[in-house]
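Enquirer: Pasting query_8.cif below, which is mmCIF, N, CA and C atoms.
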```cif
data_upload
loop_
_atom_site.label_atom_id
_atom_site.label_comp_id
_atom_site.auth_asym_id
_atom_site.auth_seq_id
_atom_site.Cartn_x
_atom_site.Cartn_y
_atom_site.Cartn_z
N MET L 1135 0.83 -1.20 0.00
CA MET L 1135 0.00 0.00 0.00
C MET L 1135 0.86 1.25 0.00
N ARG L 1136 1.90 1.24 0.78
CA ARG L 1136 2.76 2.40 0.87
C ARG L 1136 3.42 2.71 -0.47
N ASN L 1137 3.88 1.71 -1.21
CA ASN L 1137 4.49 1.90 -2.51
C ASN L 1137 3.51 2.54 -3.49
N LYS L 1138 2.28 2.08 -3.49
CA LYS L 1138 1.26 2.62 -4.39
C LYS L 1138 0.99 4.09 -4.06
N ARG L 1139 0.84 4.40 -2.78
CA ARG L 1139 0.60 5.78 -2.35
C ARG L 1139 1.78 6.67 -2.75
N SER L 1140 2.98 6.18 -2.60
CA SER L 1140 4.19 6.93 -2.96
C SER L 1140 4.21 7.25 -4.45
N ARG L 1141 3.85 6.25 -5.28
CA ARG L 1141 3.82 6.48 -6.74
C ARG L 1141 2.76 7.50 -7.11
N ILE L 1142 1.61 7.44 -6.48
CA ILE L 1142 0.54 8.40 -6.77
C ILE L 1142 1.00 9.81 -6.41
N LEU L 1143 1.59 9.97 -5.22
CA LEU L 1143 2.09 11.28 -4.82
C LEU L 1143 3.19 11.77 -5.75
N THR L 1144 4.07 10.88 -6.17
CA THR L 1144 5.16 11.26 -7.07
C THR L 1144 4.62 11.78 -8.39
N ARG L 1145 3.52 11.22 -8.86
CA ARG L 1145 2.91 11.67 -10.12
C ARG L 1145 2.04 12.90 -9.91
N ALA L 1146 1.35 12.96 -8.79
CA ALA L 1146 0.39 14.03 -8.56
C ALA L 1146 1.04 15.36 -8.20
N LEU L 1147 2.15 15.35 -7.49
CA LEU L 1147 2.78 16.60 -7.06
C LEU L 1147 3.21 17.48 -8.23
N PRO L 1148 3.91 16.95 -9.25
CA PRO L 1148 4.27 17.83 -10.37
C PRO L 1148 3.06 18.40 -11.09
N VAL L 1149 1.99 17.61 -11.23
CA VAL L 1149 0.77 18.09 -11.89
C VAL L 1149 0.15 19.21 -11.05
N ALA L 1150 0.08 19.02 -9.73
CA ALA L 1150 -0.47 20.05 -8.85
C ALA L 1150 0.37 21.32 -8.89
N ALA L 1151 1.69 21.17 -8.94
CA ALA L 1151 2.58 22.34 -9.01
C ALA L 1151 2.36 23.11 -10.31
N MET L 1152 2.20 22.39 -11.42
CA MET L 1152 1.94 23.05 -12.71
C MET L 1152 0.60 23.78 -12.68
N ALA L 1153 -0.42 23.14 -12.10
CA ALA L 1153 -1.74 23.78 -12.03
C ALA L 1153 -1.67 25.05 -11.19
N LEU L 1154 -0.97 25.00 -10.07
CA LEU L 1154 -0.81 26.18 -9.22
C LEU L 1154 -0.07 27.29 -9.96
N ALA L 1155 0.99 26.93 -10.66
CA ALA L 1155 1.75 27.94 -11.42
C ALA L 1155 0.89 28.57 -12.49
N THR L 1156 0.04 27.77 -13.16
CA THR L 1156 -0.86 28.30 -14.18
C THR L 1156 -1.86 29.25 -13.57
N LEU L 1157 -2.44 28.88 -12.43
CA LEU L 1157 -3.39 29.75 -11.75
C LEU L 1157 -2.74 31.06 -11.33
N MET L 1158 -1.52 30.99 -10.83
CA MET L 1158 -0.83 32.20 -10.41
C MET L 1158 -0.55 33.11 -11.60
N THR L 1159 -0.21 32.54 -12.74
CA THR L 1159 0.09 33.33 -13.93
C THR L 1159 -1.17 33.95 -14.50
N THR L 1160 -2.25 33.16 -14.63
CA THR L 1160 -3.46 33.69 -15.24
C THR L 1160 -4.23 34.58 -14.28
N GLY L 1161 -3.92 34.53 -12.99
CA GLY L 1161 -4.57 35.40 -12.03
C GLY L 1161 -3.96 36.79 -12.00
N ASN L 1162 -2.90 36.99 -12.73
CA ASN L 1162 -2.21 38.27 -12.80
C ASN L 1162 -3.10 39.30 -13.50
N PRO L 1163 -3.30 40.51 -12.93
CA PRO L 1163 -4.13 41.51 -13.58
C PRO L 1163 -3.68 41.84 -15.00
N ALA L 1164 -2.40 41.81 -15.27
CA ALA L 1164 -1.92 42.10 -16.62
C ALA L 1164 -2.42 41.03 -17.59
N SER L 1165 -2.44 39.77 -17.17
CA SER L 1165 -2.95 38.71 -18.03
C SER L 1165 -4.45 38.88 -18.23
N ALA L 1166 -5.15 39.26 -17.17
CA ALA L 1166 -6.58 39.45 -17.28
C ALA L 1166 -6.92 40.56 -18.25
N ALA L 1167 -6.05 41.56 -18.37
CA ALA L 1167 -6.28 42.66 -19.29
C ALA L 1167 -5.95 42.27 -20.73
N GLY L 1168 -5.47 41.06 -20.95
CA GLY L 1168 -5.17 40.62 -22.30
C GLY L 1168 -3.73 40.84 -22.71
N LEU L 1169 -2.87 41.22 -21.79
CA LEU L 1169 -1.49 41.52 -22.17
C LEU L 1169 -0.70 40.27 -22.52
N GLY L 1170 -1.19 39.09 -22.17
CA GLY L 1170 -0.49 37.87 -22.52
C GLY L 1170 -0.99 37.28 -23.83
N CYS L 1171 -1.69 38.06 -24.60
CA CYS L 1171 -2.29 37.60 -25.85
C CYS L 1171 -1.25 37.05 -26.81
N GLY L 1172 -1.59 35.98 -27.52
CA GLY L 1172 -0.70 35.39 -28.50
C GLY L 1172 -0.67 36.17 -29.81
N CYS L 1173 -1.29 37.33 -29.85
CA CYS L 1173 -1.38 38.12 -31.09
C CYS L 1173 -0.13 38.95 -31.33
N ASP L 1174 0.66 39.19 -30.31
CA ASP L 1174 1.87 39.98 -30.48
C ASP L 1174 2.81 39.29 -31.45
N GLY L 1175 3.52 40.10 -32.22
CA GLY L 1175 4.53 39.56 -33.10
C GLY L 1175 4.10 39.40 -34.54
N TRP L 1176 2.86 39.71 -34.88
CA TRP L 1176 2.43 39.59 -36.26
C TRP L 1176 3.03 40.70 -37.11
N ASP L 1177 3.23 40.44 -38.38
CA ASP L 1177 3.70 41.42 -39.35
C ASP L 1177 2.49 42.23 -39.81
N PRO L 1178 2.47 43.56 -39.58
CA PRO L 1178 1.30 44.35 -39.97
C PRO L 1178 1.18 44.57 -41.48
N GLY L 1179 2.24 44.34 -42.23
CA GLY L 1179 2.22 44.61 -43.67
C GLY L 1179 1.13 43.91 -44.46
N PRO L 1180 1.01 42.59 -44.38
CA PRO L 1180 0.04 41.89 -45.22
C PRO L 1180 -1.38 41.81 -44.65
N VAL L 1181 -1.65 42.42 -43.51
CA VAL L 1181 -2.96 42.32 -42.88
C VAL L 1181 -3.99 43.13 -43.66
N SER L 1182 -5.16 42.54 -43.89
CA SER L 1182 -6.27 43.30 -44.47
C SER L 1182 -7.11 43.81 -43.29
N TRP L 1183 -6.96 45.08 -42.99
CA TRP L 1183 -7.51 45.69 -41.79
C TRP L 1183 -9.01 45.91 -41.91
N ASP L 1184 -9.72 45.74 -40.78
CA ASP L 1184 -11.14 46.09 -40.71
C ASP L 1184 -11.27 47.61 -40.56
N SER L 1185 -10.32 48.22 -39.87
CA SER L 1185 -10.29 49.66 -39.66
C SER L 1185 -8.84 50.10 -39.57
N GLY L 1186 -8.49 51.18 -40.28
CA GLY L 1186 -7.10 51.66 -40.26
C GLY L 1186 -6.31 51.05 -41.40
N PRO L 1187 -5.02 51.10 -41.35
CA PRO L 1187 -4.20 51.66 -40.27
C PRO L 1187 -4.16 53.18 -40.30
N THR L 1188 -3.92 53.73 -39.12
CA THR L 1188 -3.81 55.17 -38.96
C THR L 1188 -2.55 55.49 -38.16
N THR L 1189 -2.11 56.74 -38.27
CA THR L 1189 -1.00 57.23 -37.47
C THR L 1189 -1.58 57.95 -36.26
N ASP L 1190 -1.20 57.49 -35.05
CA ASP L 1190 -1.75 58.04 -33.81
C ASP L 1190 -0.86 59.12 -33.20
N SER L 1191 0.45 59.04 -33.43
CA SER L 1191 1.38 60.00 -32.84
C SER L 1191 2.73 59.85 -33.53
N THR L 1192 3.52 60.93 -33.55
CA THR L 1192 4.87 60.87 -34.14
C THR L 1192 5.87 61.60 -33.25
N ALA L 1193 7.13 61.25 -33.43
CA ALA L 1193 8.24 61.94 -32.76
C ALA L 1193 9.41 61.97 -33.74
N THR L 1194 10.25 63.00 -33.63
CA THR L 1194 11.34 63.18 -34.59
C THR L 1194 12.67 63.43 -33.89
N VAL L 1195 13.70 62.74 -34.35
CA VAL L 1195 15.08 63.06 -34.01
C VAL L 1195 15.53 63.95 -35.16
N SER L 1196 15.55 65.24 -34.92
CA SER L 1196 15.75 66.24 -35.97
C SER L 1196 16.93 65.91 -36.90
N GLY L 1197 16.62 65.82 -38.19
CA GLY L 1197 17.63 65.56 -39.20
C GLY L 1197 18.02 64.10 -39.35
N TYR L 1198 17.45 63.20 -38.52
CA TYR L 1198 17.87 61.81 -38.56
C TYR L 1198 16.74 60.81 -38.75
N ALA L 1199 15.66 60.93 -37.97
CA ALA L 1199 14.62 59.90 -38.02
C ALA L 1199 13.29 60.43 -37.51
N THR L 1200 12.23 59.83 -38.00
CA THR L 1200 10.88 60.06 -37.49
C THR L 1200 10.29 58.70 -37.16
N VAL L 1201 9.64 58.61 -36.01
CA VAL L 1201 8.97 57.38 -35.62
C VAL L 1201 7.48 57.68 -35.47
N ALA L 1202 6.65 56.77 -35.96
CA ALA L 1202 5.19 56.93 -35.87
C ALA L 1202 4.60 55.75 -35.13
N LEU L 1203 3.65 56.03 -34.26
CA LEU L 1203 2.84 54.99 -33.64
C LEU L 1203 1.66 54.78 -34.57
N ARG L 1204 1.53 53.55 -35.12
CA ARG L 1204 0.46 53.21 -36.05
C ARG L 1204 -0.49 52.23 -35.39
N SER L 1205 -1.73 52.20 -35.84
CA SER L 1205 -2.69 51.25 -35.28
C SER L 1205 -3.70 50.83 -36.32
N GLY L 1206 -4.29 49.67 -36.07
CA GLY L 1206 -5.35 49.15 -36.92
C GLY L 1206 -6.18 48.15 -36.15
N LYS L 1207 -7.40 47.91 -36.65
CA LYS L 1207 -8.31 46.98 -36.00
C LYS L 1207 -8.54 45.78 -36.92
N LYS L 1208 -8.40 44.59 -36.36
CA LYS L 1208 -8.60 43.35 -37.11
C LYS L 1208 -9.37 42.37 -36.23
N ASP L 1209 -10.46 41.83 -36.74
CA ASP L 1209 -11.28 40.85 -36.01
C ASP L 1209 -11.69 41.37 -34.63
N GLY L 1210 -12.04 42.64 -34.56
CA GLY L 1210 -12.54 43.23 -33.32
C GLY L 1210 -11.47 43.61 -32.31
N ARG L 1211 -10.20 43.48 -32.66
CA ARG L 1211 -9.10 43.80 -31.74
C ARG L 1211 -8.20 44.86 -32.35
N TRP L 1212 -7.72 45.77 -31.49
CA TRP L 1212 -6.78 46.80 -31.92
C TRP L 1212 -5.35 46.34 -31.74
N TYR L 1213 -4.50 46.76 -32.67
CA TYR L 1213 -3.07 46.45 -32.63
C TYR L 1213 -2.31 47.73 -32.91
N GLY L 1214 -1.12 47.85 -32.35
CA GLY L 1214 -0.26 48.99 -32.61
C GLY L 1214 1.13 48.52 -33.00
N TRP L 1215 1.85 49.37 -33.72
CA TRP L 1215 3.22 49.08 -34.10
C TRP L 1215 3.94 50.39 -34.38
N ALA L 1216 5.24 50.34 -34.42
CA ALA L 1216 6.05 51.52 -34.71
C ALA L 1216 6.53 51.44 -36.16
N LYS L 1217 6.52 52.58 -36.82
CA LYS L 1217 7.06 52.68 -38.18
C LYS L 1217 8.04 53.84 -38.18
N THR L 1218 9.20 53.64 -38.77
CA THR L 1218 10.20 54.70 -38.77
C THR L 1218 10.74 54.95 -40.17
N ALA L 1219 11.12 56.18 -40.38
CA ALA L 1219 11.81 56.58 -41.60
C ALA L 1219 13.09 57.27 -41.14
N THR L 1220 14.22 56.82 -41.67
CA THR L 1220 15.48 57.38 -41.22
C THR L 1220 16.50 57.41 -42.35
N ARG L 1221 17.43 58.35 -42.24
CA ARG L 1221 18.56 58.40 -43.15
C ARG L 1221 19.84 57.99 -42.44
N TYR L 1222 19.73 57.71 -41.15
CA TYR L 1222 20.90 57.37 -40.36
C TYR L 1222 21.19 55.87 -40.46
N SER L 1223 22.43 55.49 -40.27
CA SER L 1223 22.80 54.10 -40.52
C SER L 1223 22.47 53.12 -39.41
N LYS L 1224 22.46 53.50 -38.15
CA LYS L 1224 22.18 52.54 -37.08
C LYS L 1224 21.13 53.10 -36.12
N TYR L 1225 20.07 52.31 -35.93
CA TYR L 1225 19.02 52.73 -35.01
C TYR L 1225 18.24 51.52 -34.55
N GLY L 1226 17.48 51.71 -33.46
CA GLY L 1226 16.55 50.71 -32.95
C GLY L 1226 15.17 51.33 -32.87
N VAL L 1227 14.15 50.55 -33.09
CA VAL L 1227 12.76 51.02 -33.03
C VAL L 1227 11.94 49.98 -32.29
N TRP L 1228 10.97 50.42 -31.46
CA TRP L 1228 10.16 49.50 -30.67
C TRP L 1228 8.91 50.18 -30.16
N ILE L 1229 8.08 49.37 -29.48
CA ILE L 1229 6.83 49.81 -28.83
C ILE L 1229 6.98 49.60 -27.33
N ASP L 1230 6.47 50.54 -26.54
CA ASP L 1230 6.31 50.35 -25.10
C ASP L 1230 4.81 50.25 -24.83
N ARG L 1231 4.41 49.40 -23.86
CA ARG L 1231 2.99 49.25 -23.52
C ARG L 1231 2.83 49.40 -22.01
N SER L 1232 1.81 50.17 -21.61
CA SER L 1232 1.58 50.48 -20.19
C SER L 1232 0.11 50.25 -19.83
N THR L 1233 -0.12 49.91 -18.56
CA THR L 1233 -1.48 49.79 -18.06
C THR L 1233 -1.83 50.93 -17.10
N ASP L 1234 -0.89 51.85 -16.88
CA ASP L 1234 -1.14 52.94 -15.92
C ASP L 1234 -0.77 54.32 -16.49
N GLY L 1235 -0.96 54.48 -17.77
CA GLY L 1235 -0.73 55.80 -18.38
C GLY L 1235 0.72 56.17 -18.57
N GLY L 1236 1.62 55.22 -18.45
CA GLY L 1236 3.03 55.50 -18.69
C GLY L 1236 3.87 55.63 -17.43
N ARG L 1237 3.27 55.48 -16.25
CA ARG L 1237 4.07 55.53 -15.03
C ARG L 1237 5.01 54.32 -14.98
N THR L 1238 4.51 53.16 -15.42
CA THR L 1238 5.34 51.96 -15.58
C THR L 1238 4.97 51.34 -16.93
N TRP L 1239 5.87 50.55 -17.48
CA TRP L 1239 5.58 49.92 -18.76
C TRP L 1239 6.46 48.71 -18.99
N ASP L 1240 5.99 47.86 -19.91
CA ASP L 1240 6.85 46.78 -20.40
C ASP L 1240 7.32 47.26 -21.77
N GLY L 1241 8.61 47.28 -21.94
CA GLY L 1241 9.16 47.98 -23.09
C GLY L 1241 9.86 47.12 -24.10
N MET L 1242 10.23 47.81 -25.14
CA MET L 1242 11.01 47.27 -26.25
C MET L 1242 10.30 46.08 -26.90
N ARG L 1243 8.99 46.18 -27.01
CA ARG L 1243 8.19 45.14 -27.66
C ARG L 1243 8.37 45.25 -29.17
N GLY L 1244 8.61 44.13 -29.82
CA GLY L 1244 8.78 44.11 -31.26
C GLY L 1244 10.07 44.77 -31.73
N TYR L 1245 11.05 44.87 -30.85
CA TYR L 1245 12.30 45.60 -31.13
C TYR L 1245 12.92 45.19 -32.46
N GLU L 1246 13.30 46.18 -33.23
CA GLU L 1246 14.02 46.00 -34.50
C GLU L 1246 15.28 46.85 -34.46
N HIS L 1247 16.42 46.26 -34.79
CA HIS L 1247 17.67 47.02 -34.92
C HIS L 1247 18.04 47.00 -36.39
N ARG L 1248 18.33 48.16 -36.94
CA ARG L 1248 18.63 48.27 -38.36
C ARG L 1248 19.93 49.01 -38.59
N ASP L 1249 20.54 48.71 -39.71
CA ASP L 1249 21.75 49.41 -40.15
C ASP L 1249 21.42 50.41 -41.24
N GLY L 1250 20.21 50.91 -41.27
CA GLY L 1250 19.79 51.92 -42.23
C GLY L 1250 18.46 51.56 -42.85
N GLY L 1251 17.86 52.54 -43.52
CA GLY L 1251 16.57 52.33 -44.19
C GLY L 1251 15.39 52.45 -43.26
N ASP L 1252 14.21 52.23 -43.83
CA ASP L 1252 12.97 52.33 -43.07
C ASP L 1252 12.62 50.98 -42.47
N ALA L 1253 11.84 51.00 -41.40
CA ALA L 1253 11.45 49.75 -40.75
C ALA L 1253 10.16 49.93 -39.99
N TYR L 1254 9.53 48.81 -39.67
CA TYR L 1254 8.41 48.82 -38.75
C TYR L 1254 8.53 47.60 -37.85
N THR L 1255 7.95 47.73 -36.66
CA THR L 1255 7.99 46.63 -35.70
C THR L 1255 6.85 45.67 -36.00
N SER L 1256 6.86 44.56 -35.31
CA SER L 1256 5.71 43.65 -35.36
C SER L 1256 4.55 44.29 -34.60
N MET L 1257 3.36 43.78 -34.86
CA MET L 1257 2.16 44.28 -34.20
C MET L 1257 2.16 43.89 -32.73
N GLN L 1258 1.58 44.75 -31.91
CA GLN L 1258 1.42 44.48 -30.49
C GLN L 1258 -0.05 44.68 -30.13
N TYR L 1259 -0.64 43.70 -29.46
CA TYR L 1259 -2.04 43.77 -29.06
C TYR L 1259 -2.26 45.01 -28.20
N TRP L 1260 -3.35 45.73 -28.44
CA TRP L 1260 -3.64 46.98 -27.76
C TRP L 1260 -5.04 46.93 -27.14
N PRO L 1261 -5.19 46.21 -26.02
CA PRO L 1261 -6.51 46.10 -25.40
C PRO L 1261 -6.94 47.40 -24.74
N ASP L 1262 -8.26 47.53 -24.56
CA ASP L 1262 -8.79 48.70 -23.85
C ASP L 1262 -8.10 48.83 -22.50
N GLY L 1263 -7.87 50.07 -22.07
CA GLY L 1263 -7.25 50.32 -20.78
C GLY L 1263 -5.74 50.29 -20.80
N THR L 1264 -5.13 50.17 -21.99
CA THR L 1264 -3.68 50.20 -22.08
C THR L 1264 -3.25 51.38 -22.95
N TRP L 1265 -2.00 51.76 -22.80
CA TRP L 1265 -1.40 52.85 -23.55
C TRP L 1265 -0.20 52.31 -24.31
N LEU L 1266 0.03 52.87 -25.50
CA LEU L 1266 1.22 52.53 -26.28
C LEU L 1266 1.98 53.79 -26.64
N ARG L 1267 3.27 53.63 -26.87
CA ARG L 1267 4.08 54.67 -27.48
C ARG L 1267 5.12 53.98 -28.35
N ALA L 1268 5.60 54.69 -29.36
CA ALA L 1268 6.63 54.17 -30.26
C ALA L 1268 7.91 54.94 -29.99
N CYS L 1269 9.05 54.23 -30.05
CA CYS L 1269 10.34 54.86 -29.76
C CYS L 1269 11.35 54.52 -30.84
N VAL L 1270 12.27 55.46 -31.08
CA VAL L 1270 13.40 55.23 -31.96
C VAL L 1270 14.65 55.73 -31.25
N ASN L 1271 15.72 54.95 -31.33
CA ASN L 1271 17.00 55.34 -30.76
C ASN L 1271 18.02 55.39 -31.90
N VAL L 1272 18.37 56.60 -32.31
CA VAL L 1272 19.40 56.78 -33.33
C VAL L 1272 20.72 56.73 -32.58
N GLU L 1273 21.48 55.65 -32.80
CA GLU L 1273 22.68 55.39 -32.01
C GLU L 1273 23.65 56.56 -32.04
N GLY L 1274 24.05 56.97 -30.84
CA GLY L 1274 25.01 58.05 -30.69
C GLY L 1274 24.43 59.44 -30.90
N ILE L 1275 23.13 59.51 -31.20
CA ILE L 1275 22.50 60.82 -31.45
C ILE L 1275 21.44 61.13 -30.39
N GLU L 1276 20.32 60.37 -30.42
CA GLU L 1276 19.23 60.69 -29.51
C GLU L 1276 18.17 59.58 -29.52
N LEU L 1277 17.48 59.45 -28.38
CA LEU L 1277 16.34 58.56 -28.23
C LEU L 1277 15.09 59.43 -28.17
N LYS L 1278 14.08 59.11 -28.98
CA LYS L 1278 12.82 59.85 -28.97
C LYS L 1278 11.67 58.88 -28.95
N CYS L 1279 10.63 59.22 -28.18
CA CYS L 1279 9.40 58.44 -28.13
C CYS L 1279 8.21 59.34 -28.40
N THR L 1280 7.17 58.77 -29.00
CA THR L 1280 5.92 59.51 -29.14
C THR L 1280 5.32 59.67 -27.76
N GLY L 1281 4.28 60.47 -27.66
CA GLY L 1281 3.53 60.54 -26.42
C GLY L 1281 2.74 59.24 -26.23
N TRP L 1282 2.31 58.99 -25.00
CA TRP L 1282 1.48 57.82 -24.72
C TRP L 1282 0.10 58.02 -25.32
N VAL L 1283 -0.43 56.99 -25.95
CA VAL L 1283 -1.77 57.05 -26.56
C VAL L 1283 -2.60 55.91 -26.01
N SER L 1284 -3.84 56.22 -25.63
CA SER L 1284 -4.75 55.21 -25.10
C SER L 1284 -5.84 54.93 -26.11
#
```
With the file now loaded, output its structure as structure tokens.

Expert:
Amino acid sequence: MRNKRSRILTRALPVAAMALATLMTTGNPASAAGLGCGCDGWDPGPVSWDSGPTTDSTATVSGYATVALRSGKKDGRWYGWAKTATRYSKYGVWIDRSTDGGRTWDGMRGYEHRDGGDAYTSMQYWPDGTWLRACVNVEGIELKCTGWVS
């Protein structure tokens, strides 16, 4: 009897630990707001949008680059991404996402590093109650971000 009970516990404990870890992760307010959505990372180029895309905000590193926060709606969900135009040879572009108006954020979503030319990041899910901004860092020159948009 003891051997059987031991085997059951040996099998049940890892399953219980996984279930607890899943509950703890999905109980997170950020997950509840949809921030863990599997939609992040899509290429916005080939999407046939239901609404948009539109430019929500822009920022400029004078003489070097402009970054735009773009958005569109597909299948009832909003997505945002950064699009940049630059003449400078090295830069990074990304999206920051916040649930508190920009006081804190998870950053560098969809980060792209380029050695020149224009670029855009992958799409990032934009649920209600969140804010996005787009940023560009022209290496050795300046970092600029758009304002936060909700």

Enquirer: Report, as AutoDock Vina command-line options, the axis-aligned box around all atoms of region 1238-1257 of chain L present in the file, extended by 8 Å on each side; give centre and edge lengths in Å to one decimal place.

Expert:
```
--center_x 12.0 --center_y 48.4 --center_z -29.8 --size_x 35.6 --size_y 25.5 --size_z 44.8
```

Enquirer: Check what the PyMOL selection byres ((chain L and resi 1219) around 5) selects in the file above and give those residues as a VMD selection string.

Expert: chain L and resid 1199 to 1200 1217 to 1218 1220 to 1221 1252

Enquirer: Output N, CA and C atoms for every residue in the selection just made, as a PDB file, keeping the file's coordinate frame.

Expert:
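Result written to out-v6.pdb:
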```
ATOM      1  N   ALA L1199      15.660  60.930 -37.970  1.00  0.00           N
ATOM      2  CA  ALA L1199      14.620  59.900 -38.020  1.00  0.00           C
ATOM      3  C   ALA L1199      13.290  60.430 -37.510  1.00  0.00           C
ATOM      4  N   THR L1200      12.230  59.830 -38.000  1.00  0.00           N
ATOM      5  CA  THR L1200      10.880  60.060 -37.490  1.00  0.00           C
ATOM      6  C   THR L1200      10.290  58.700 -37.160  1.00  0.00           C
ATOM      7  N   LYS L1217       6.520  52.580 -36.820  1.00  0.00           N
ATOM      8  CA  LYS L1217       7.060  52.680 -38.180  1.00  0.00           C
ATOM      9  C   LYS L1217       8.040  53.840 -38.180  1.00  0.00           C
ATOM     10  N   THR L1218       9.200  53.640 -38.770  1.00  0.00           N
ATOM     11  CA  THR L1218      10.200  54.700 -38.770  1.00  0.00           C
ATOM     12  C   THR L1218      10.740  54.950 -40.170  1.00  0.00           C
ATOM     13  N   THR L1220      14.220  56.820 -41.670  1.00  0.00           N
ATOM     14  CA  THR L1220      15.480  57.380 -41.220  1.00  0.00           C
ATOM     15  C   THR L1220      16.500  57.410 -42.350  1.00  0.00           C
ATOM     16  N   ARG L1221      17.430  58.350 -42.240  1.00  0.00           N
ATOM     17  CA  ARG L1221      18.560  58.400 -43.150  1.00  0.00           C
ATOM     18  C   ARG L1221      19.840  57.990 -42.440  1.00  0.00           C
ATOM     19  N   ASP L1252      14.210  52.230 -43.830  1.00  0.00           N
ATOM     20  CA  ASP L1252      12.970  52.330 -43.070  1.00  0.00           C
ATOM     21  C   ASP L1252      12.620  50.980 -42.470  1.00  0.00           C
TER      22      ASP L1252
END
```

Enquirer: Residues picked by the PyMOL selection byres ((chain L and resi 1178-1185) around 7) here, as a ChimeraX atom specification?

Expert: /L:1175-1177,1186-1188,1205-1209,1255-1257

Enquirer: Neighbours of Leu1277 (chain L) within 10 Å (only C-alpha atoms; same-chain residues fewer than 4 positions away dropped), as a list of chain:residue names?

Expert: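 The residues that qualify are L:Ala1193, L:Thr1194, L:Val1195, L:Tyr1225, L:Gly1226, L:Val1227, L:Cys1269, L:Val1270, L:Asn1271, L:Val1272, L:Glu1273.
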
Enquirer: Grab the atom N of Gly1214 (chain L) to atom N of Gly1251 (chain L) distance for me, in Å with one decimal place.

Expert: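 Taking atom N of Gly1214 (chain L) and atom N of Gly1251 (chain L), their separation equals 22.5 Å.
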
Enquirer: For Asp1249 (chain L), which of L:Arg1267, L:Arg1211, L:Lys1278, L:Lys1224 is the closest residue, counting only C-alpha atoms?

Expert: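 Closest residue, counting only C-alpha atoms: L:Lys1224.
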
Enquirer: How many Å separate CA of Gly1250 (chain L) from CA of Ala1202 (chain L)?

Expert: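 Between CA of Gly1250 (chain L) and CA of Ala1202 (chain L) the gap is 16.7 Å.
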
Enquirer: What is the distance between CA of Val1201 (chain L) and CA of Pro1261 (chain L), in Å to one decimal?

Expert: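 According to the coordinates, CA of Val1201 (chain L) and CA of Pro1261 (chain L) are separated by 21.7 Å.
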
Enquirer: Looking at L:Trp1265, L:Gly1274, L:Asp1190, L:Asp1174, which one is nearest to Gly1235 (chain L), with distances taken over all atoms listed in the file?

Expert: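 Answer, going by the shortest atom-to-atom distance: L:Trp1265.
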
Enquirer: Exactly which residues make up the result of the PyMOL selection byres ((chain L and resi 1232) around 8) on this file, given as a short mmCIF file (atom, residue, chain, number, x, y, z; two decimals) with N, CA and C atoms, keeping the file's coordinate frame?

Expert:
```
data_model
loop_
_atom_site.label_atom_id
_atom_site.label_comp_id
_atom_site.auth_asym_id
_atom_site.auth_seq_id
_atom_site.Cartn_x
_atom_site.Cartn_y
_atom_site.Cartn_z
N ILE L 1229 8.08 49.37 -29.48
CA ILE L 1229 6.83 49.81 -28.83
C ILE L 1229 6.98 49.60 -27.33
N ASP L 1230 6.47 50.54 -26.54
CA ASP L 1230 6.31 50.35 -25.10
C ASP L 1230 4.81 50.25 -24.83
N ARG L 1231 4.41 49.40 -23.86
CA ARG L 1231 2.99 49.25 -23.52
C ARG L 1231 2.83 49.40 -22.01
N THR L 1233 -0.12 49.91 -18.56
CA THR L 1233 -1.48 49.79 -18.06
C THR L 1233 -1.83 50.93 -17.10
N ASP L 1234 -0.89 51.85 -16.88
CA ASP L 1234 -1.14 52.94 -15.92
C ASP L 1234 -0.77 54.32 -16.49
N GLY L 1235 -0.96 54.48 -17.77
CA GLY L 1235 -0.73 55.80 -18.38
C GLY L 1235 0.72 56.17 -18.57
N GLY L 1236 1.62 55.22 -18.45
CA GLY L 1236 3.03 55.50 -18.69
C GLY L 1236 3.87 55.63 -17.43
N ARG L 1237 3.27 55.48 -16.25
CA ARG L 1237 4.07 55.53 -15.03
C ARG L 1237 5.01 54.32 -14.98
N THR L 1238 4.51 53.16 -15.42
CA THR L 1238 5.34 51.96 -15.58
C THR L 1238 4.97 51.34 -16.93
N TRP L 1239 5.87 50.55 -17.48
CA TRP L 1239 5.58 49.92 -18.76
C TRP L 1239 6.46 48.71 -18.99
N ASP L 1240 5.99 47.86 -19.91
CA ASP L 1240 6.85 46.78 -20.40
C ASP L 1240 7.32 47.26 -21.77
N GLY L 1241 8.61 47.28 -21.94
CA GLY L 1241 9.16 47.98 -23.09
C GLY L 1241 9.86 47.12 -24.10
N GLY L 1263 -7.87 50.07 -22.07
CA GLY L 1263 -7.25 50.32 -20.78
C GLY L 1263 -5.74 50.29 -20.80
N THR L 1264 -5.13 50.17 -21.99
CA THR L 1264 -3.68 50.20 -22.08
C THR L 1264 -3.25 51.38 -22.95
N TRP L 1265 -2.00 51.76 -22.80
CA TRP L 1265 -1.40 52.85 -23.55
C TRP L 1265 -0.20 52.31 -24.31
N LEU L 1266 0.03 52.87 -25.50
CA LEU L 1266 1.22 52.53 -26.28
C LEU L 1266 1.98 53.79 -26.64
N ARG L 1267 3.27 53.63 -26.87
CA ARG L 1267 4.08 54.67 -27.48
C ARG L 1267 5.12 53.98 -28.35
#
```

Enquirer: Which residue is closest to Ala1268 (chain L)? Choose from L:Thr1189, L:Gly1210, L:Ser1284, L:Ala1216 and count only N, CA and C atoms.

Expert: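 That would be L:Ala1216, the residue with the smallest distance to Ala1268 (chain L).
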
Enquirer: Report the residues of region 1161-1271 of chain L whose backbone DSSP state falls under alpha helix (DSSP H), written as an MDAnalysis selection string.

Expert: chainID L and resid 1163:1166

Enquirer: Keeping only N, CA and C atoms, write the selected residues as a tab-separated table (two decimals), in the coordinates of the input.

Expert:
```tsv
chain	number	residue	atom	x	y	z
L	1163	PRO	N	-3.30	40.51	-12.93
L	1163	PRO	CA	-4.13	41.51	-13.58
L	1163	PRO	C	-3.68	41.84	-15.00
L	1164	ALA	N	-2.40	41.81	-15.27
L	1164	ALA	CA	-1.92	42.10	-16.62
L	1164	ALA	C	-2.42	41.03	-17.59
L	1165	SER	N	-2.44	39.77	-17.17
L	1165	SER	CA	-2.95	38.71	-18.03
L	1165	SER	C	-4.45	38.88	-18.23
L	1166	ALA	N	-5.15	39.26	-17.17
L	1166	ALA	CA	-6.58	39.45	-17.28
L	1166	ALA	C	-6.92	40.56	-18.25
```
